[in-house]
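Chemist: Before I ask anything, let me first share the structure, which is written out below as structure tokens.
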Amino acid sequence: MAEKVLLVDDEKDFLSVMSERMAARGMDVTAADSAEEALAQVESGGFDAIVLDLMMPGMDGIETLKAIKQRNPTLQVILLTGHATLEKGIEAMKLGAMDFVEKPADLDQLTQKIKQAQAKKMVLVEKRMEEKLKSIITSKGW
Amino acid sequence: MTLPSDPIGLAGLQYFGRTTASVSHELKNALAIIKENAGLLNDYLLLAEKGTTIDPARYKTVAVRIEDQTRRADQLIRNMNRFAHSVDSPVQSVVLDDLVALLAALSLREAAMRQVALTVRPTQSTITVTTAPFALLTLLGNCITFALAATQPGQTITLGIAPEGHDVQILFDSLTGLADMPGEAFPKESDKALLTALNARFKADGPAGRMVITLSGR
């Protein structure tokens, strides 16, 4: 199954070339060049992974990560940055980011992480469904 | 641990570090785009080897992107190089127009992060001053940081230079939120030390949305 990926970066040339390369690897890519656009895309949903630039004008990557996790905690976010600092990395992981990749990224490595994100999301969604089912069964008292 | 108290030296180092970090981040972005376009060329070659015909226009798009990003990286390095040379001599004669243009170029990313644009108003004739260029850039860089905090997203800050008798003024205009900024926010202690060292004065006019640095006796 094609991984559904939301790619978020304010560098339009980067978005364009990455989208083309990821699509050529069988991924279903949606591009967003701002945090606001990314959040609107998240609402329409269904992404297996979100690849998010850490430094963006207006709402930065950390703030966007918080907003994404608030909307849907099962969404898997991989942060992408031009200059990774240990502090930012730790902060992002604490906020629930799945991984942290430094630019220029290795596309094979990123693809691997996206596949991991898809698997992780599926486990989380299944677990959620199971819990929901369990709660319905117990509440009905059958 | 107690560090020696040198507000001007520390402010200079902080500005140098901030600027270097910003430029290196921009460079990484340019390199990332160049790398991905090289990767895309490789993808096209693999497809071509398998017999897929690739539209030449796609190669052209890649070439244009690489050229654009190389030009961008080159400009960033030129600016960084000029900035690095500002410490060559503590005091020297500088063309103020060039120094303000360099300041604007070095501050573009900081401004973009706040969704504010920067423009430089052209002067009628070139103004030359004898000053400490690195200290002046540090002071003006701190002014920009404050000016950005005093401007709403979507606005444009205009930088200008104007002779004022024997003095010269560096103007920061269209600071739409300046009147709402707390008085103690700028200048800070290190900025006051820089103003004294540069024989300069600072004035803010909240309702007019204008900040002025006046350099005495050019």
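Starting from 1 in every chain, residues are counted up; chains themselves are A, B, ... following the order of the structure tokens, and ligands are numbered from 1 as listed.
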As a list in words, could you give me every residue of chain B near chain A (at most 6 Å apart, counting only C-alpha atoms)?

Modeler: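 The selection requested is His25, Lys28, Ala32, Ile33, Ala112, Met113, Arg114 and Gln115 of chain B.
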
Chemist: Please extract the residues of chain A with a backbone DSSP assignment of alpha helix (DSSP H) and present them as a ChimeraX atom specification.

Modeler: /A:12-24,35-44,61-71,86-94,107-140

Chemist: Can you tell me which residues surround A:Ala117 at a distance of at most 12 Å, considering only C-alpha atoms, apart from same-chain residues fewer than 3 positions away, and format the answer as a count of residues only?

Modeler: 26

Chemist: Neighbouring residues of stretch 193-199 of chain B were defined as those with any atom within 8 Å, considering only C-alpha atoms; residues of the same chain fewer than 3 positions away were excluded. Please report them as an MDAnalysis selection string.

Modeler: chainID B and resid 7:8 131:132 135:136 139 189:190 202 215:216

Chemist: Could you check how far atom CA of B:Asp55 sits from atom CA of A:Ala31, in Å to one decimal?

Modeler: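 Between atom CA of B:Asp55 and atom CA of A:Ala31 the gap works out to 23.2 Å.
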
Chemist: Within stretch 14-118 of chain A, find each residue whose DSSP state, derived from the backbone, is strand (DSSP E), and express the selection as an MDAnalysis selection string.

Modeler: chainID A and resid 28:32 49:53 77:81 99:102

Chemist: Which of these, B:Thr19, B:Thr119, B:Ser107, B:Gln124, has the shortest distance to B:Asn81 once you count only C-alpha atoms?

Modeler: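 So, comparing all the options, the nearest one is B:Thr19.
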